[in-house]
$ cat model-v2.csv   # CSV, C-alpha atoms
chain,number,residue,atom,x,y,z
I,1255,MET,CA,0.0,0.0,0.0
I,1256,VAL,CA,1.4,3.4,-1.1
I,1257,ARG,CA,1.6,5.9,1.7
I,1258,GLY,CA,-0.1,9.2,0.9
I,1259,LYS,CA,1.6,12.6,1.1
I,1260,THR,CA,1.0,14.4,4.4
I,1261,GLN,CA,-0.4,17.8,4.0
I,1262,MET,CA,1.5,20.6,5.8
I,1263,ARG,CA,-1.2,22.0,8.0
I,1264,ARG,CA,-2.3,21.9,11.6
I,1265,ILE,CA,-3.8,18.6,12.8
I,1266,GLU,CA,-7.2,19.4,14.2
I,1267,ASN,CA,-7.5,16.2,16.3
I,1268,ALA,CA,-5.7,16.6,19.6
I,1269,THR,CA,-4.9,12.9,20.0
I,1270,SER,CA,-3.6,12.5,16.5
I,1271,ARG,CA,-1.6,15.8,17.0
I,1272,GLN,CA,0.0,14.5,20.2
I,1273,VAL,CA,0.9,11.2,18.6
I,1274,THR,CA,2.4,12.9,15.6
I,1275,PHE,CA,4.4,15.3,17.8
I,1276,SER,CA,5.9,12.4,19.8
I,1277,LYS,CA,6.8,10.4,16.7
I,1278,ARG,CA,8.3,13.4,14.9
I,1279,ARG,CA,10.2,14.5,18.1
I,1280,ASN,CA,11.8,11.2,18.5
I,1281,GLY,CA,12.7,11.0,14.9
I,1282,LEU,CA,14.2,14.5,15.0
I,1283,PHE,CA,16.3,13.6,18.1
I,1284,LYS,CA,17.4,10.4,16.3
I,1285,LYS,CA,18.5,12.5,13.2
I,1286,ALA,CA,20.3,15.0,15.4
I,1287,PHE,CA,22.2,12.2,17.2
I,1288,GLU,CA,23.1,10.5,13.9
I,1289,LEU,CA,24.3,13.9,12.5
I,1290,SER,CA,26.5,14.5,15.6
I,1291,VAL,CA,28.1,11.0,15.5
I,1292,LEU,CA,28.5,10.5,11.7
I,1293,CYS,CA,29.7,14.1,10.9
I,1294,ASP,CA,31.4,14.9,14.3
I,1295,ALA,CA,29.2,18.0,14.5
I,1296,GLU,CA,28.2,19.9,17.6
I,1297,VAL,CA,24.4,19.7,17.6
I,1298,ALA,CA,21.9,21.2,20.1
I,1299,LEU,CA,18.2,20.8,19.7
I,1300,ILE,CA,15.4,22.5,21.8
I,1301,ILE,CA,11.7,21.7,21.4
I,1302,PHE,CA,8.7,23.0,23.3
I,1303,SER,CA,5.5,21.0,23.2
I,1304,PRO,CA,2.1,22.7,22.7
I,1305,ARG,CA,1.7,22.5,26.4
I,1306,GLY,CA,5.0,24.2,27.0
I,1307,LYS,CA,7.1,21.2,28.0
I,1308,LEU,CA,10.8,21.4,27.2
I,1309,TYR,CA,12.6,18.7,25.3
I,1310,GLU,CA,16.2,19.1,24.4
I,1311,PHE,CA,19.2,17.3,23.0
I,1312,SER,CA,22.8,18.2,22.9
I,1313,SER,CA,25.8,16.3,21.6
I,1314,SER,CA,28.1,18.0,24.2
I,1315,SER,CA,26.8,20.6,26.6
I,1316,MET,CA,23.7,22.6,26.0
I,1317,GLN,CA,25.0,25.7,27.9
I,1318,GLU,CA,28.3,25.7,26.1
I,1319,THR,CA,26.6,25.3,22.7
I,1320,ILE,CA,24.2,28.2,23.5
I,1321,GLU,CA,27.2,30.4,24.6
I,1322,ARG,CA,29.0,29.5,21.4
I,1323,TYR,CA,26.0,30.4,19.4
I,1324,GLN,CA,25.6,33.7,21.1
I,1325,ARG,CA,29.3,34.6,20.5
I,1326,HIS,CA,29.0,33.6,16.9
I,1327,THR,CA,25.8,35.7,16.4
I,1328,LYS,CA,27.4,38.6,18.1
I,1329,ASP,CA,30.5,38.4,16.0
I,1330,ALA,CA,28.4,38.0,12.9
I,1331,HIS,CA,26.3,41.0,13.9
I,1332,THR,CA,29.4,43.1,14.5
I,1333,ASN,CA,31.0,42.1,11.2
I,1334,SER,CA,27.7,42.7,9.4
I,1335,TYR,CA,27.5,46.2,11.1
I,1336,LYS,CA,31.1,47.0,10.1
I,1337,THR,CA,30.4,45.9,6.5
I,1338,TYR,CA,27.3,48.0,6.5
I,1339,GLU,CA,29.2,51.0,7.8
I,1340,HIS,CA,31.9,50.5,5.2
I,1341,ASN,CA,29.4,50.2,2.4
I,1342,MET,CA,27.6,53.4,3.6
I,1343,GLN,CA,30.9,55.3,3.8
I,1344,HIS,CA,31.8,54.1,0.3
I,1345,LEU,CA,28.4,55.1,-1.0
I,1346,LYS,CA,28.6,58.5,0.6
I,1347,HIS,CA,32.1,59.0,-0.9
I,1348,GLU,CA,30.8,58.0,-4.4
I,1349,ALA,CA,27.8,60.3,-4.0
I,1350,ALA,CA,30.0,63.2,-3.0
I,1351,ASN,CA,32.3,62.6,-6.0
I,1352,MET,CA,29.3,62.4,-8.3
I,1353,ALA,CA,27.9,65.7,-6.9
I,1354,LYS,CA,31.3,67.4,-7.4
I,1355,LYS,CA,31.4,66.1,-11.0
I,1356,ILE,CA,27.9,67.4,-11.7
I,1357,GLU,CA,28.7,70.7,-10.1
I,1358,LEU,CA,31.9,71.0,-12.3
I,1359,LEU,CA,29.9,70.2,-15.4
I,1360,GLU,CA,27.3,72.9,-14.5
I,1361,ILE,CA,30.0,75.4,-13.9
I,1362,SER,CA,31.7,74.5,-17.2
I,1363,LYS,CA,28.4,75.0,-19.0
I,1364,ARG,CA,27.8,78.3,-17.4
I,1365,LEU,CA,31.3,79.5,-18.2
I,1366,LYS,CA,30.9,78.4,-21.9
I,1367,LYS,CA,27.7,80.4,-22.1
I,1368,LEU,CA,29.3,83.4,-20.5
I,1369,LEU,CA,32.1,83.2,-23.1
I,1370,GLY,CA,29.5,83.1,-25.8
I,1371,GLU,CA,29.7,79.4,-26.6
I,1372,GLY,CA,26.9,77.0,-26.8
I,1373,LEU,CA,24.2,79.6,-27.0
I,1374,GLY,CA,22.2,77.9,-29.8
I,1375,SER,CA,20.0,76.0,-27.3
I,1376,CYS,CA,19.4,79.0,-25.0
I,1377,SER,CA,16.0,80.6,-24.9
I,1378,LEU,CA,15.4,84.4,-24.9
I,1379,GLU,CA,15.0,84.4,-21.1
I,1380,GLU,CA,18.2,82.5,-20.6
I,1381,LEU,CA,20.0,84.9,-22.9
I,1382,GLN,CA,18.7,87.9,-20.9
I,1383,GLN,CA,19.8,86.3,-17.7
I,1384,ILE,CA,23.3,85.7,-19.1
I,1385,GLU,CA,23.4,89.4,-20.2
I,1386,GLN,CA,22.4,90.6,-16.8
I,1387,GLN,CA,25.0,88.4,-15.2
I,1388,LEU,CA,27.7,89.7,-17.4
I,1389,GLU,CA,26.7,93.3,-16.6
I,1390,ARG,CA,26.9,92.5,-12.9
I,1391,SER,CA,30.3,90.9,-13.3
I,1392,VAL,CA,31.6,93.9,-15.2
I,1393,SER,CA,30.3,96.2,-12.5
I,1394,SER,CA,32.0,94.2,-9.8
I,1395,ILE,CA,35.3,94.0,-11.7
I,1396,ARG,CA,35.3,97.8,-12.2
I,1397,ALA,CA,34.5,98.4,-8.6
I,1398,ARG,CA,37.4,96.1,-7.5
I,1399,LYS,CA,39.7,97.8,-10.0
I,1400,ASN,CA,38.9,101.3,-8.6
I,1401,GLN,CA,39.4,100.0,-5.1
I,1402,VAL,CA,42.9,98.6,-6.1
I,1403,PHE,CA,43.7,101.9,-7.7
I,1404,LYS,CA,42.8,103.8,-4.6
I,1405,GLU,CA,44.9,101.5,-2.4
I,1406,GLN,CA,47.9,101.9,-4.7
I,1407,ILE,CA,47.4,105.7,-4.6
I,1408,GLU,CA,47.3,105.7,-0.9
I,1409,GLN,CA,50.5,103.6,-0.7
I,1410,LEU,CA,52.2,106.0,-3.1
I,1411,LYS,CA,51.2,108.9,-1.0
I,1412,GLU,CA,52.6,107.3,2.1
I,1413,LYS,CA,55.9,106.6,0.3
I,1414,GLU,CA,55.9,110.2,-0.9
I,1415,LYS,CA,55.5,111.4,2.7
I,1416,ALA,CA,58.3,109.2,3.8
I,1417,LEU,CA,60.6,110.4,1.0
I,1418,VAL,CA,59.8,114.1,1.8
I,1419,ALA,CA,60.6,113.6,5.4
I,1420,GLU,CA,63.8,111.8,4.5
I,1421,ASN,CA,64.7,114.6,2.1
I,1422,ALA,CA,64.1,117.2,4.7
I,1423,ILE,CA,66.4,115.4,7.1
I,1424,LEU,CA,69.1,115.2,4.4
I,1425,CYS,CA,68.7,118.8,3.5
I,1426,GLU,CA,69.1,119.8,7.2
I,1427,LYS,CA,72.3,117.7,7.4
I,1428,VAL,CA,73.6,119.3,4.2
I,1429,ASN,CA,72.9,122.8,5.5
I,1430,ILE,CA,74.7,122.1,8.8
I,1431,SER,CA,77.7,120.7,6.9
I,1432,PHE,CA,77.8,123.7,4.6
I,1433,LYS,CA,77.6,126.2,7.5
I,1434,GLU,CA,80.5,124.4,9.2
I,1435,LYS,CA,82.6,124.6,6.0
I,1436,LYS,CA,81.8,128.4,5.6
I,1437,ILE,CA,83.0,129.0,9.2
I,1438,ILE,CA,86.2,127.1,8.5
I,1439,CYS,CA,86.8,129.1,5.3
I,1440,PHE,CA,86.1,132.4,7.1
I,1441,GLN,CA,88.6,131.5,9.8
I,1442,CYS,CA,91.2,130.7,7.2
I,1443,ARG,CA,90.8,134.0,5.3
I,1444,VAL,CA,91.0,136.2,8.5
I,1445,PRO,CA,94.8,136.9,9.2
I,1446,GLY,CA,95.9,136.1,12.7
I,1447,TYR,CA,92.6,134.6,13.6
I,1448,GLN,CA,92.9,132.5,16.7
I,1449,SER,CA,90.5,129.6,17.4
I,1450,PRO,CA,88.5,129.9,20.6
I,1451,ASN,CA,89.8,126.4,21.5
I,1452,ARG,CA,93.4,127.2,20.7
I,1453,GLU,CA,94.3,130.7,21.9
I,1454,ASN,CA,98.0,130.6,20.9
I,1455,GLU,CA,97.5,128.9,17.5
I,1456,THR,CA,96.8,130.8,14.3
I,1457,LEU,CA,94.8,128.8,11.8
I,1458,PRO,CA,96.6,128.2,8.5
I,1459,CYS,CA,94.8,129.3,5.4
I,1460,PRO,CA,95.2,127.1,2.4
I,1461,GLU,CA,93.8,129.7,0.0
I,1462,ARG,CA,96.0,132.5,1.2
I,1463,ASN,CA,99.7,132.6,0.0
I,1464,GLN,CA,101.7,135.7,0.5
I,1465,ASN,CA,104.3,134.7,-2.1
I,1466,SER,CA,101.6,133.9,-4.8
I,1467,ASP,CA,100.8,136.7,-7.4
I,1468,VAL,CA,97.2,137.3,-8.1
I,1469,GLU,CA,96.4,138.4,-11.7
I,1470,THR,CA,93.8,141.1,-11.6
I,1471,GLU,CA,94.2,142.4,-15.2
I,1472,LEU,CA,91.4,141.7,-17.7
I,1473,PHE,CA,92.7,140.0,-20.8
I,1474,ILE,CA,90.6,139.2,-23.9
I,1475,GLY,CA,92.0,136.8,-26.5
I,1476,LEU,CA,93.3,133.3,-26.9
I,1477,PRO,CA,95.5,131.7,-24.2
I,1478,GLU,CA,98.4,131.6,-26.6
I,1479,GLY,CA,98.5,135.3,-27.1
I,1480,ARG,CA,98.3,135.7,-23.3
I,1481,ALA,CA,101.3,133.4,-22.9
I,1482,LYS,CA,103.3,135.4,-25.5
I,1483,ARG,CA,102.5,138.5,-23.7
I,1484,PHE,CA,104.1,137.2,-20.5

$ encode --input "model-v2.csv" --output "structure tokens"
Amino acid sequence: MVRGKTQMRRIENATSRQVTFSKRRNGLFKKAFELSVLCDAEVALIIFSPRGKLYEFSSSSMQETIERYQRHTKDAHTNSYKTYEHNMQHLKHEAANMAKKIELLEISKRLKKLLGEGLGSCSLEELQQIEQQLERSVSSIRARKNQVFKEQIEQLKEKEKALVAENAILCEKVNISFKEKKIICFQCRVPGYQSPNRENETLPCPERNQNSDVETELFIGLPEGRAKRF
């Protein structure tokens, strides 16, 4: 007699359900035992009956197996979380790079339009916007240029003031030196002048020589005729 296929649904008869539970439970325990012996596997099996009764099987120690399972699930969860974080960081990096590329493309398109390139696909409104933007850019450039000119003029004025002050100091030094030279020349030209610091010393005069003859006669003509005359 061929055994019919069992339908996977709840058995309504309580007695039949209890009998089936006992048979299937024993068969499951038998399969778990065979698996642990034949394959040298660590097997732990926990079953709760419909009334809440606990049935368990373990090839070694149930507690150790449960702890090993908890460690494994924790490590797996940690590794899964790290992988998730790594993937998220990678996706964020890729998204940022794509956003930068899109932004650069948009800037490149705007620059080309500002340079007068690629205007064939622009509407009248877009052309007016580009024109207004160019006018604003020119105004900003001119304002900045005027500001730079003013700053340079101020710097030149400061340099001019510094040079004028330095020139005044140099002029003052030159005047003092010239006055000192005049005083020395005056002392040399006065015969018998005695310096206040040296009462018994008469200052020599390099310009004055008693033995030298001074020519006071006016002579008109070439130097040769003058030499012949003498």

$ atom_distance --input "model-v2.csv" --atom1 "CA of Asn1429 in chain I" --atom2 "CA of Glu1414 in chain I"
22.1 Å

$ atom_distance --input "model-v2.csv" --atom1 "CA of Thr1319 in chain I" --atom2 "CA of Ala1298 in chain I"
6.8 Å

$ atom_distance --input "model-v2.csv" --atom1 "CA of Asn1333 in chain I" --atom2 "CA of Phe1311 in chain I"
29.9 Å
